[in-house]
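upload_39.txt (compact mmCIF, C-alpha atoms)
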```txt
# COMPACT_ATOMS: atom_id res chain seq x y z
CA MET A 1 -10.97 -28.90 15.29
CA ARG A 2 -11.13 -27.95 11.62
CA VAL A 3 -8.72 -25.20 10.67
CA LEU A 4 -8.34 -22.94 7.65
CA ILE A 5 -5.01 -21.18 7.09
CA ILE A 6 -5.10 -17.91 5.18
CA GLU A 7 -1.51 -16.87 4.55
CA ASP A 8 0.18 -15.74 1.36
CA GLU A 9 3.74 -16.69 2.20
CA ILE A 10 4.17 -20.34 1.37
CA MET A 11 6.98 -20.94 3.87
CA ALA A 12 4.99 -19.40 6.72
CA ARG A 13 1.94 -21.40 5.68
CA ARG A 14 3.83 -24.68 5.74
CA SER A 15 5.49 -24.00 9.05
CA LEU A 16 2.18 -23.11 10.71
CA GLU A 17 0.54 -26.21 9.29
CA LYS A 18 3.37 -28.37 10.58
CA MET A 19 3.25 -26.80 14.04
CA LEU A 20 -0.51 -27.27 14.28
CA GLU A 21 -0.61 -30.85 13.08
CA SER A 22 2.38 -32.08 15.05
CA ASN A 23 1.37 -30.46 18.34
CA PHE A 24 -2.39 -30.80 18.30
CA PRO A 25 -3.49 -34.24 17.09
CA ASP A 26 -7.15 -33.25 16.94
CA ILE A 27 -6.50 -30.39 14.54
CA GLU A 28 -7.15 -30.94 10.87
CA VAL A 29 -5.99 -28.30 8.42
CA VAL A 30 -8.82 -28.31 5.90
CA ALA A 31 -7.45 -25.82 3.41
CA GLU A 32 -4.79 -23.21 2.83
CA LEU A 33 -5.42 -20.02 0.88
CA GLY A 34 -3.28 -17.01 0.06
CA SER A 35 -5.45 -14.15 -1.11
CA VAL A 36 -8.48 -12.13 -0.08
CA SER A 37 -10.36 -13.10 -3.21
CA ASP A 38 -9.71 -16.83 -2.78
CA ALA A 39 -10.68 -16.64 0.89
CA VAL A 40 -13.94 -14.84 0.14
CA ALA A 41 -14.90 -17.33 -2.56
CA TRP A 42 -14.00 -20.30 -0.36
CA LEU A 43 -15.88 -19.04 2.70
CA LYS A 44 -18.95 -18.12 0.67
CA ALA A 45 -19.12 -21.64 -0.71
CA ARG A 46 -18.49 -23.33 2.66
CA PRO A 47 -19.76 -21.12 5.48
CA GLU A 48 -19.69 -23.95 8.06
CA ALA A 49 -16.62 -25.82 6.89
CA VAL A 50 -14.13 -24.72 9.56
CA ASP A 51 -14.09 -23.92 13.27
CA THR A 52 -11.00 -21.76 13.37
CA ILE A 53 -9.20 -19.57 10.85
CA PHE A 54 -5.58 -18.55 11.20
CA MET A 55 -5.43 -15.38 9.18
CA ASP A 56 -2.44 -13.33 8.10
CA VAL A 57 -3.08 -9.59 7.91
CA GLU A 58 -1.12 -8.82 4.72
CA LEU A 59 -2.35 -11.10 1.95
CA SER A 60 -1.17 -11.24 -1.63
CA ASP A 61 -3.94 -9.02 -2.99
CA GLY A 62 -4.70 -6.84 0.02
CA GLU A 63 -5.43 -6.75 3.74
CA CYS A 64 -7.44 -9.50 5.39
CA PHE A 65 -10.00 -7.05 6.79
CA GLU A 66 -11.47 -6.93 3.33
CA ILE A 67 -12.59 -10.55 3.86
CA PHE A 68 -14.89 -9.50 6.74
CA ARG A 69 -16.43 -6.82 4.59
CA GLN A 70 -17.25 -9.26 1.83
CA VAL A 71 -18.33 -12.41 3.61
CA GLU A 72 -19.79 -13.36 6.95
CA VAL A 73 -17.15 -15.21 8.94
CA LYS A 74 -18.62 -17.69 11.39
CA ALA A 75 -15.41 -19.33 12.59
CA ASN A 76 -13.13 -18.13 15.37
CA VAL A 77 -10.39 -15.99 13.91
CA VAL A 78 -6.80 -15.85 15.08
CA MET A 79 -4.84 -13.13 13.34
CA THR A 80 -1.17 -13.52 12.62
CA THR A 81 1.02 -10.57 11.84
CA ALA A 82 4.70 -9.84 11.52
CA TYR A 83 4.80 -6.14 12.07
CA ASP A 84 1.83 -3.95 12.79
CA ASN A 85 1.94 -3.13 16.47
CA TYR A 86 -1.16 -0.96 16.24
CA ALA A 87 -3.07 -3.81 14.71
CA VAL A 88 -1.94 -6.11 17.46
CA LYS A 89 -3.66 -3.87 19.99
CA ALA A 90 -6.77 -3.74 17.87
CA PHE A 91 -7.04 -7.49 17.58
CA GLU A 92 -6.84 -7.88 21.31
CA ALA A 93 -10.26 -6.34 21.37
CA GLY A 94 -11.97 -8.55 18.86
CA SER A 95 -10.23 -11.51 17.38
CA VAL A 96 -9.98 -14.57 19.60
CA ASP A 97 -6.23 -14.20 19.70
CA TYR A 98 -3.33 -12.73 17.76
CA LEU A 99 0.02 -14.22 17.02
CA LEU A 100 3.20 -12.41 16.18
CA LYS A 101 5.27 -14.01 13.46
CA PRO A 102 7.47 -15.98 13.56
CA ILE A 103 4.92 -17.96 15.51
CA ASP A 104 6.09 -19.53 18.75
CA ILE A 105 4.57 -22.72 20.10
CA VAL A 106 3.58 -21.22 23.47
CA PRO A 107 1.31 -18.45 22.15
CA LEU A 108 0.06 -20.84 19.47
CA GLY A 109 -1.03 -23.26 22.20
CA ARG A 110 -2.76 -20.40 24.00
CA ALA A 111 -4.59 -19.41 20.83
CA VAL A 112 -5.71 -22.99 20.18
CA GLU A 113 -6.98 -23.28 23.75
CA ARG A 114 -8.90 -20.03 23.44
CA CYS A 115 -10.51 -21.23 20.24
CA ARG A 116 -11.59 -24.45 21.90
CA HIS A 117 -13.39 -22.49 24.59
CA ALA A 118 -14.63 -19.60 22.50
CA GLY A 119 -18.34 -19.67 21.89
CA GLY A 120 -17.75 -19.71 18.18
CA GLY A 121 -17.78 -16.75 15.94
CA THR A 122 -15.63 -13.70 16.09
CA ASP A 123 -17.06 -10.35 16.92
CA VAL A 124 -16.35 -8.89 13.54
CA GLU A 125 -18.02 -5.58 14.34
CA ARG A 126 -15.60 -5.17 17.18
CA ILE A 127 -12.59 -5.89 15.01
CA LEU A 128 -13.70 -3.44 12.38
CA ALA A 129 -14.55 -0.76 14.94
CA ALA A 130 -11.22 -1.22 16.65
CA LEU A 131 -9.45 -0.93 13.33
CA ASP A 132 -11.30 2.19 12.33
CA LYS A 133 -10.51 3.71 15.68
CA ASN A 134 -6.93 2.66 15.16
CA ARG A 135 -6.89 4.45 11.87
CA ARG A 136 -8.38 7.56 13.41
CA ASP A 137 -5.84 7.51 16.19
CA LYS A 138 -2.99 7.44 13.75
CA GLU A 139 -0.81 10.42 14.35
CA TYR A 140 -0.95 13.06 11.66
CA LYS A 141 1.39 15.93 11.26
CA GLU A 142 0.42 18.96 13.33
CA ARG A 143 2.64 21.31 11.41
CA PHE A 144 4.73 21.52 8.28
CA LEU A 145 8.00 23.39 8.05
CA VAL A 146 7.78 25.51 4.92
CA HIS A 147 9.85 28.17 3.22
CA LEU A 148 8.88 31.73 2.44
CA ASN A 149 11.71 33.53 0.67
CA ASP A 150 14.66 32.89 2.99
CA ARG A 151 12.63 32.14 6.10
CA ILE A 152 11.54 28.78 7.47
CA VAL A 153 8.02 28.97 8.84
CA PRO A 154 6.04 26.38 10.83
CA VAL A 155 2.54 26.21 9.38
CA LYS A 156 -0.31 24.41 11.12
CA THR A 157 -1.73 21.61 9.00
CA SER A 158 -5.25 22.86 9.73
CA GLU A 159 -4.29 26.21 8.16
CA VAL A 160 -3.36 24.61 4.84
CA ALA A 161 -5.92 24.88 2.04
CA PHE A 162 -4.01 22.82 -0.49
CA PHE A 163 -0.65 21.39 -1.44
CA PHE A 164 0.38 21.35 -5.07
CA SER A 165 3.46 20.73 -7.14
CA GLU A 166 4.70 22.69 -10.08
CA ASP A 167 8.07 22.90 -11.76
CA LYS A 168 9.67 20.37 -9.43
CA ASN A 169 8.69 22.50 -6.43
CA ASN A 170 5.98 21.61 -3.97
CA HIS A 171 3.89 24.36 -2.47
CA ALA A 172 1.53 24.78 0.42
CA VAL A 173 -1.18 27.42 0.24
CA THR A 174 -2.66 28.58 3.53
CA ARG A 175 -6.18 29.87 4.06
CA ASP A 176 -5.00 33.46 3.78
CA GLY A 177 -3.65 32.72 0.30
CA THR A 178 0.07 32.73 1.11
CA VAL A 179 2.09 30.37 -1.07
CA TYR A 180 4.99 28.57 0.64
CA ILE A 181 7.54 26.09 -0.63
CA VAL A 182 7.52 22.64 0.97
CA ASP A 183 10.54 20.33 0.85
CA SER A 184 8.71 17.01 1.07
CA THR A 185 7.38 15.05 -1.88
CA MET A 186 3.63 14.85 -2.52
CA ASP A 187 3.74 11.16 -1.61
CA SER A 188 5.26 11.81 1.78
CA ILE A 189 3.00 14.82 2.45
CA ILE A 190 -0.14 12.74 1.96
CA THR A 191 0.97 10.08 4.45
CA GLY A 192 1.13 12.76 7.15
CA LEU A 193 -2.40 14.03 6.52
CA ASP A 194 -5.73 12.90 7.94
CA PRO A 195 -7.60 11.32 4.99
CA GLU A 196 -10.85 12.70 6.40
CA CYS A 197 -9.58 16.26 5.95
CA PHE A 198 -7.35 16.06 2.89
CA PHE A 199 -7.78 14.40 -0.50
CA ARG A 200 -5.30 13.89 -3.29
CA ILE A 201 -7.26 15.02 -6.33
CA SER A 202 -4.39 14.36 -8.76
CA ARG A 203 -0.72 13.53 -8.81
CA SER A 204 0.07 17.19 -8.36
CA CYS A 205 -2.56 18.42 -5.89
CA ILE A 206 -3.89 17.65 -2.41
CA ILE A 207 -6.84 19.69 -1.18
CA SER A 208 -8.36 20.32 2.24
CA LYS A 209 -12.08 19.68 2.58
CA ASP A 210 -12.55 23.12 4.08
CA ALA A 211 -11.07 24.76 1.00
CA VAL A 212 -13.68 23.38 -1.38
CA GLU A 213 -16.23 26.02 -2.30
CA SER A 214 -17.92 24.16 -5.14
CA VAL A 215 -17.25 21.63 -7.87
CA THR A 216 -17.98 22.06 -11.55
CA LYS A 217 -18.21 19.37 -14.17
CA LEU A 218 -15.92 19.89 -17.13
CA LEU A 219 -16.59 18.74 -20.63
CA GLY A 220 -15.73 15.06 -20.73
CA GLY A 221 -16.93 14.48 -17.20
CA ARG A 222 -13.91 15.53 -15.18
CA LEU A 223 -14.42 17.61 -12.06
CA LYS A 224 -12.88 20.97 -11.32
CA ILE A 225 -12.83 22.49 -7.87
CA VAL A 226 -13.61 26.09 -7.15
CA SER A 227 -11.68 26.97 -4.02
CA LYS A 228 -12.50 29.39 -1.25
CA VAL A 229 -8.82 30.23 -1.16
CA ASN A 230 -6.95 31.92 -3.94
CA PRO A 231 -3.17 32.13 -3.92
CA SER A 232 -2.35 35.79 -3.36
CA ARG A 233 0.81 35.87 -5.40
CA ASN A 234 -0.07 37.32 -8.78
CA ILE A 235 2.93 36.00 -10.59
CA GLY A 236 3.87 32.52 -9.64
CA PRO A 237 2.61 29.00 -9.51
CA GLU A 238 -1.08 28.32 -9.81
CA PRO A 239 -2.51 25.01 -8.67
CA ASP A 240 -4.48 22.95 -11.15
CA LEU A 241 -7.64 22.03 -9.25
CA THR A 242 -8.89 19.46 -11.74
CA VAL A 243 -9.70 16.08 -10.21
CA SER A 244 -8.11 13.13 -12.01
CA ARG A 245 -10.68 11.12 -13.91
CA SER A 246 -10.00 7.97 -11.90
CA ARG A 247 -10.38 9.80 -8.57
CA GLY A 248 -13.64 11.62 -9.33
CA ASP A 249 -16.03 9.19 -7.65
CA ASP A 250 -13.83 8.76 -4.60
CA PHE A 251 -13.51 12.51 -4.34
CA LEU A 252 -17.26 13.11 -4.27
CA GLU A 253 -17.70 10.35 -1.71
CA TRP A 254 -15.00 11.92 0.46
CA LEU A 255 -16.60 15.35 0.15
CA GLU A 256 -19.82 14.00 1.61
CA LYS A 257 -18.20 12.51 4.72
CA MET B 1 21.06 -13.10 -6.24
CA TYR B 2 18.46 -11.06 -4.44
CA SER B 3 15.70 -12.24 -6.76
CA ASP B 4 16.45 -15.81 -5.65
CA LEU B 5 15.54 -14.78 -2.12
CA LEU B 6 12.32 -13.22 -3.38
CA LYS B 7 11.58 -16.48 -5.16
CA VAL B 8 11.97 -18.40 -1.93
CA ARG B 9 9.31 -16.07 -0.56
CA PHE B 10 6.88 -16.02 -3.49
CA GLN B 11 7.81 -19.30 -5.21
CA GLU B 12 5.74 -19.81 -8.37
CA GLY B 13 4.21 -16.35 -7.90
CA LEU B 14 7.28 -14.53 -9.16
CA ARG B 15 9.30 -14.92 -12.35
CA VAL B 16 12.29 -12.75 -13.10
CA GLU B 17 13.67 -12.96 -16.60
CA SER B 18 16.66 -11.09 -17.87
CA SER B 19 18.20 -10.93 -21.29
CA ILE B 20 21.13 -8.59 -21.42
CA PRO B 21 23.73 -8.73 -24.21
CA GLU B 22 27.33 -9.51 -23.21
CA GLU B 23 28.61 -6.01 -24.03
CA ASP B 24 25.96 -4.31 -21.84
CA LEU B 25 27.01 -6.39 -18.84
CA ARG B 26 30.20 -4.31 -18.75
CA LYS B 27 28.15 -1.15 -18.33
CA SER B 28 26.52 -0.20 -15.08
CA VAL B 29 23.46 1.30 -13.46
CA ILE B 30 23.06 3.02 -10.09
CA PRO B 31 23.86 0.47 -7.35
CA CYS B 32 20.84 -1.46 -6.10
CA SER B 33 18.50 0.22 -8.58
CA VAL B 34 17.36 -2.96 -10.34
CA GLN B 35 16.96 -4.73 -7.01
CA LEU B 36 14.77 -1.85 -5.80
CA LEU B 37 12.61 -2.03 -8.90
CA VAL B 38 12.05 -5.77 -8.57
CA GLU B 39 11.18 -5.33 -4.92
CA ASN B 40 8.77 -2.49 -5.77
CA ALA B 41 7.05 -4.77 -8.27
CA THR B 42 6.43 -7.40 -5.60
CA LYS B 43 5.29 -4.75 -3.14
CA HIS B 44 2.65 -3.11 -5.30
CA ASN B 45 1.16 -6.12 -7.06
CA ALA B 46 -0.91 -9.10 -5.95
CA VAL B 47 1.67 -11.85 -6.26
CA SER B 48 0.27 -15.38 -6.39
CA PRO B 49 1.09 -18.65 -8.16
CA GLU B 50 -2.27 -18.46 -9.98
CA LYS B 51 -1.43 -15.05 -11.47
CA PRO B 52 2.35 -14.83 -11.43
CA LEU B 53 4.19 -11.55 -11.50
CA LEU B 54 6.63 -11.47 -14.40
CA VAL B 55 9.51 -9.03 -14.17
CA SER B 56 11.63 -8.80 -17.29
CA ILE B 57 14.93 -7.01 -17.53
CA SER B 58 16.42 -6.18 -20.90
CA SER B 59 18.84 -3.70 -22.44
CA ASP B 60 19.60 -2.13 -25.79
CA GLY B 61 23.06 -0.64 -25.30
CA GLU B 62 21.69 2.71 -24.08
CA THR B 63 19.05 1.84 -21.51
CA LEU B 64 18.16 -0.97 -19.18
CA THR B 65 14.43 -1.66 -19.14
CA VAL B 66 12.68 -3.25 -16.16
CA THR B 67 9.06 -4.04 -16.83
CA ASN B 68 6.36 -6.02 -15.03
CA ASN B 69 2.73 -6.95 -15.57
CA ARG B 70 0.31 -5.14 -13.26
CA ILE B 71 -1.87 -7.23 -10.95
CA PRO B 72 -3.88 -4.77 -8.85
CA ARG B 73 -4.25 -5.33 -5.12
CA LEU B 74 -7.63 -4.83 -3.40
CA THR B 75 -5.89 -2.76 -0.75
CA PRO B 76 -3.14 -0.67 -2.34
CA SER B 77 0.25 -0.82 -0.62
CA GLN B 78 1.50 2.29 1.14
CA SER B 79 3.87 4.09 -1.17
CA SER B 80 6.50 6.46 0.15
CA GLY B 81 8.06 6.98 -3.26
CA LEU B 82 11.45 6.77 -1.56
CA GLY B 83 12.90 3.99 -3.68
CA LEU B 84 12.10 5.51 -7.03
CA ASN B 85 13.15 8.95 -5.85
CA TYR B 86 16.48 7.59 -4.69
CA ILE B 87 17.14 6.22 -8.18
CA ARG B 88 15.92 9.42 -9.82
CA GLU B 89 18.13 11.64 -7.66
CA GLN B 90 21.19 9.39 -8.07
CA TYR B 91 20.84 9.62 -11.85
CA LYS B 92 20.52 13.41 -11.61
CA ALA B 93 23.84 13.50 -9.82
CA ARG B 94 25.62 10.96 -12.02
CA SER B 95 24.25 11.40 -15.50
CA ASP B 96 22.66 13.95 -17.78
CA ARG B 97 20.05 11.38 -18.70
CA GLY B 98 17.17 10.71 -16.32
CA ILE B 99 15.05 7.66 -15.69
CA GLU B 100 11.71 7.15 -17.41
CA VAL B 101 8.71 5.69 -15.65
CA SER B 102 5.64 4.68 -17.59
CA ALA B 103 2.56 2.66 -16.88
CA ASP B 104 -0.45 1.52 -18.85
CA GLY B 105 -3.25 -0.79 -17.78
CA ASP B 106 -1.19 -3.92 -18.28
CA ASN B 107 2.43 -3.05 -17.62
CA TYR B 108 4.66 -0.90 -15.48
CA THR B 109 8.00 0.03 -16.97
CA VAL B 110 11.09 1.84 -15.73
CA LYS B 111 13.97 2.69 -18.04
CA LEU B 112 17.41 3.27 -16.54
CA PRO B 113 20.20 4.83 -18.61
CA LEU B 114 23.27 2.62 -18.80
CA LEU B 115 26.34 4.37 -17.44
```

Structure translated into C-alpha cells:
Amino acid sequence: MRVLIIEDEIMARRSLEKMLESNFPDIEVVAELGSVSDAVAWLKARPEAVDTIFMDVELSDGECFEIFRQVEVKANVVMTTAYDNYAVKAFEAGSVDYLLKPIDIVPLGRAVERCRHAGGGTDVERILAALDKNRRDKEYKERFLVHLNDRIVPVKTSEVAFFFSEDKNNHAVTRDGTVYIVDSTMDSIITGLDPECFFRISRSCIISKDAVESVTKLLGGRLKIVSKVNPSRNIGPEPDLTVSRSRGDDFLEWLEK
Amino acid sequence: MYSDLLKVRFQEGLRVESSIPEEDLRKSVIPCSVQLLVENATKHNAVSPEKPLLVSISSDGETLTVTNNRIPRLTPSQSSGLGLNYIREQYKARSDRGIEVSADGDNYTVKLPLL
C-alpha cells in the first residue's frame, strides 16, 4: 500500500512513518508534506500515486479541508487530529477513519485495515457537508449581557443591529436604536456570532445582515452602509459604517448569502 | 528557553534571534510577554522550513521590539486577542507607557516599554 503523509509537525510525521513502516511491511511511505499548498501541488501532479493519505487537520498554512476544495483526492483519507472533537464526529461520516493524536497502534491498525478494504476514494462531498453542518451547529451566543446606565440587561443576539467600538468602549445597538455598553472585546464578540448573520466590516464595527438597508460606494471605492437602525441617543457614540477596503468583496459576497 | 521547545516543534521553520545590550538585560518587561509574542507569531503564520518564520527581538534602552515576517495562512487562525490584551492591560497597570502594535505587508511588530 502506497501512503502519503500530510503533517506539518516534523516529530509527529516521523513517528507516524516509523509506526507504519515497522508494523505494516507492505506499506511504503511515498512522500511526506507539511502544507496545504505543497499537498495540492503534489496531488495535482500525481493523482494516482498513492492509495492512502494520512492527513493532519491543522497544517502549516491552513486547514486540510482546503486541499479537497482545490484538488480531486482519489486516495482513501485517514484524518489525524489532536484536538477538535467536533471534527472527529464529522470525519466519522466521511473519511475512511480518523485518528486522535498521539496515534496509538491499535486504532492505526484499524485504520490501515479499513483502507485495505475500502473501495478506494473518499467521499469528499460527505466530508465537506459534514463539516459545513458542523460549522452551522456550532453554538452561538443567544444573548449578551450589556449595560445601560447602571443596569445590566440581557439582550437577545437577534435583536442586535450592530456592535461597534469607540473611545475604548464597545457598544451594542439594538433594532430599536438603544445604545448599550458591552464588556467584551470586538474579537471575542465576533467568535460568539453566527457568521451567516453578522459580519465584521472593520476593526471597530460588526453589523447584522438584517440591519443593512443599502450600500453606497464612496470615492476611492470603499463601501459605506446605510442602516435601517439609527442609534437614538443624540449625543454619544456614532458607529462608523464604512467597510474596510480589504473586506469589501467578502462583505458583498456575505450580503448575498 | 521556551523558544527552544518551539524549535523542537517547528525545526528549520522557526528562527528566533535576539540582540539585547548588556545594560538592557537588567531591565524587565511584563512576565511572559515576549514568550506570548513569539507564540502568537507561530500561531498566525504559515511556518515551514521552506519559508521560515524569523522572530527578532531587540532593544534600545527604552523599548523592547519583537518583530516577525508575515507569512499568510490560507485559513486564518482563530484569534481571541487574549494574549495581546493581557500584555496591554498589564502595561496599563504597571507603566504610564503602553505597548505599540504595528503591521505592514511584510512585518508584524510589537514594541514593549522596558520597565

> Any idea what the distance is between atom CA of Leu148 of chain A and atom CA of Tyr180 of chain A?
Replying inline: 5.3 Å

Might you pull out every residue within 9 Å of segment 209-224 of chain A, with all atoms listed in the file counted and same-chain residues fewer than 5 positions away left off, and present them as a compact mmCIF listing (two decimals) with C-alpha atoms, keeping the file's coordinate frame?
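This is the output file part.txt:
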```txt
# COMPACT_ATOMS: atom_id res chain seq x y z
CA VAL A 160 -3.36 24.61 4.84
CA ALA A 161 -5.92 24.88 2.04
CA PHE A 162 -4.01 22.82 -0.49
CA ARG A 175 -6.18 29.87 4.06
CA GLU A 196 -10.85 12.70 6.40
CA CYS A 197 -9.58 16.26 5.95
CA PHE A 198 -7.35 16.06 2.89
CA PHE A 199 -7.78 14.40 -0.50
CA VAL A 229 -8.82 30.23 -1.16
CA ASP A 240 -4.48 22.95 -11.15
CA LEU A 241 -7.64 22.03 -9.25
CA THR A 242 -8.89 19.46 -11.74
CA VAL A 243 -9.70 16.08 -10.21
CA SER A 244 -8.11 13.13 -12.01
CA ARG A 245 -10.68 11.12 -13.91
CA GLY A 248 -13.64 11.62 -9.33
CA TRP A 254 -15.00 11.92 0.46
CA LEU A 255 -16.60 15.35 0.15
```

> Distance atom CA of Leu20 of chain A-atom CA of Gly34 of chain A, one decimal place?
Replying inline: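 Answer for the atom CA of Leu20 of chain A to atom CA of Gly34 of chain A separation: 17.8 Å.
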
Sort by chain and increasing residue number a table of all residues of chain A within 9 Å of chain B, each with its closest pair of atoms and their distance in Å to one decimal, counting all atoms listed in the file, and write it as a Markdown table.
```
| residue | atom | partner | partner_atom | distance |
| --- | --- | --- | --- | --- |
| A:Asp8 | CA | B:Ser48 | CA | 7.8 |
| A:Glu9 | CA | B:Arg9 | CA | 6.2 |
| A:Ile10 | CA | B:Arg9 | CA | 7.0 |
| A:Met11 | CA | B:Arg9 | CA | 7.0 |
| A:Gly34 | CA | B:Ser48 | CA | 7.5 |
| A:Ser35 | CA | B:Ser48 | CA | 7.9 |
| A:Val36 | CA | B:Leu74 | CA | 8.1 |
| A:Ser37 | CA | B:Leu74 | CA | 8.7 |
| A:Leu59 | CA | B:Ala46 | CA | 8.3 |
| A:Ser60 | CA | B:Ala46 | CA | 4.8 |
| A:Asp61 | CA | B:Ala46 | CA | 4.2 |
| A:Gly62 | CA | B:Thr75 | CA | 4.3 |
| A:Glu63 | CA | B:Thr75 | CA | 6.0 |
| A:Glu66 | CA | B:Leu74 | CA | 8.0 |
| A:Thr185 | CA | B:Gly81 | CA | 8.2 |
| A:Asp187 | CA | B:Ser80 | CA | 5.7 |
| A:Ser188 | CA | B:Ser80 | CA | 5.7 |
| A:Thr191 | CA | B:Ser80 | CA | 7.9 |
```

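Here atom CA of Leu54 of chain B and atom CA of Ser19 of chain B stand 13.5 Å from one another.
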
For Ser33 of chain B, work out the shell of residues within 9 Å, counting all atoms listed in the file and skipping chain neighbours fewer than 2 positions away, then give it as a PDB file with C-alpha atoms, in the frame of the given file.
```pdb
ATOM      1  CA  VAL B  29      23.460   1.300 -13.460  1.00  0.00           C
ATOM      2  CA  ILE B  30      23.060   3.020 -10.090  1.00  0.00           C
ATOM      3  CA  PRO B  31      23.860   0.470  -7.350  1.00  0.00           C
ATOM      4  CA  GLN B  35      16.960  -4.730  -7.010  1.00  0.00           C
ATOM      5  CA  LEU B  36      14.770  -1.850  -5.800  1.00  0.00           C
ATOM      6  CA  LEU B  37      12.610  -2.030  -8.900  1.00  0.00           C
ATOM      7  CA  VAL B  38      12.050  -5.770  -8.570  1.00  0.00           C
ATOM      8  CA  GLY B  83      12.900   3.990  -3.680  1.00  0.00           C
ATOM      9  CA  LEU B  84      12.100   5.510  -7.030  1.00  0.00           C
ATOM     10  CA  TYR B  86      16.480   7.590  -4.690  1.00  0.00           C
ATOM     11  CA  ILE B  87      17.140   6.220  -8.180  1.00  0.00           C
ATOM     12  CA  LEU B 112      17.410   3.270 -16.540  1.00  0.00           C
TER      13      LEU B 112
END
```

>> Could you check the closest approach to Ala103 of chain B for each of B:Leu115, B:Val16, B:Val66, B:Met1 and tell me which residue wins, using only C-alpha atoms?
In response: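 For Ala103 of chain B, the nearest of the given residues is B:Val66.
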
> What lies within 9 Å of Arg97 of chain B using only C-alpha atoms, ignoring chain neighbours under 5 positions off, as a list in words?
Replying inline: Tyr91, Lys92, Leu112 and Pro113 of chain B

> Neighbours of segment 79-81 of chain A within 6 Å (all atoms listed in the file; same-chain residues fewer than 2 positions away dropped), as an MDAnalysis selection string?
Replying inline: chainID A and resid 54:57 83 98:101

>> For Arg26 of chain B, find every residue with an atom within 12 Å (counting only C-alpha atoms), except residues of its own chain fewer than 5 positions away, and show them as a list of chain:residue names.
In response: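 Within the cut-off, the hits are B:Ile20, B:Pro21, B:Ser59, B:Gly61, B:Leu114, B:Leu115.
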
>> Nearest residue to Glu62 of chain B out of B:Asp24, B:Asp96, B:Glu50, B:Glu89, using all atoms listed in the file?
In response: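 Of all the options, B:Asp24 lies closest to Glu62 of chain B.
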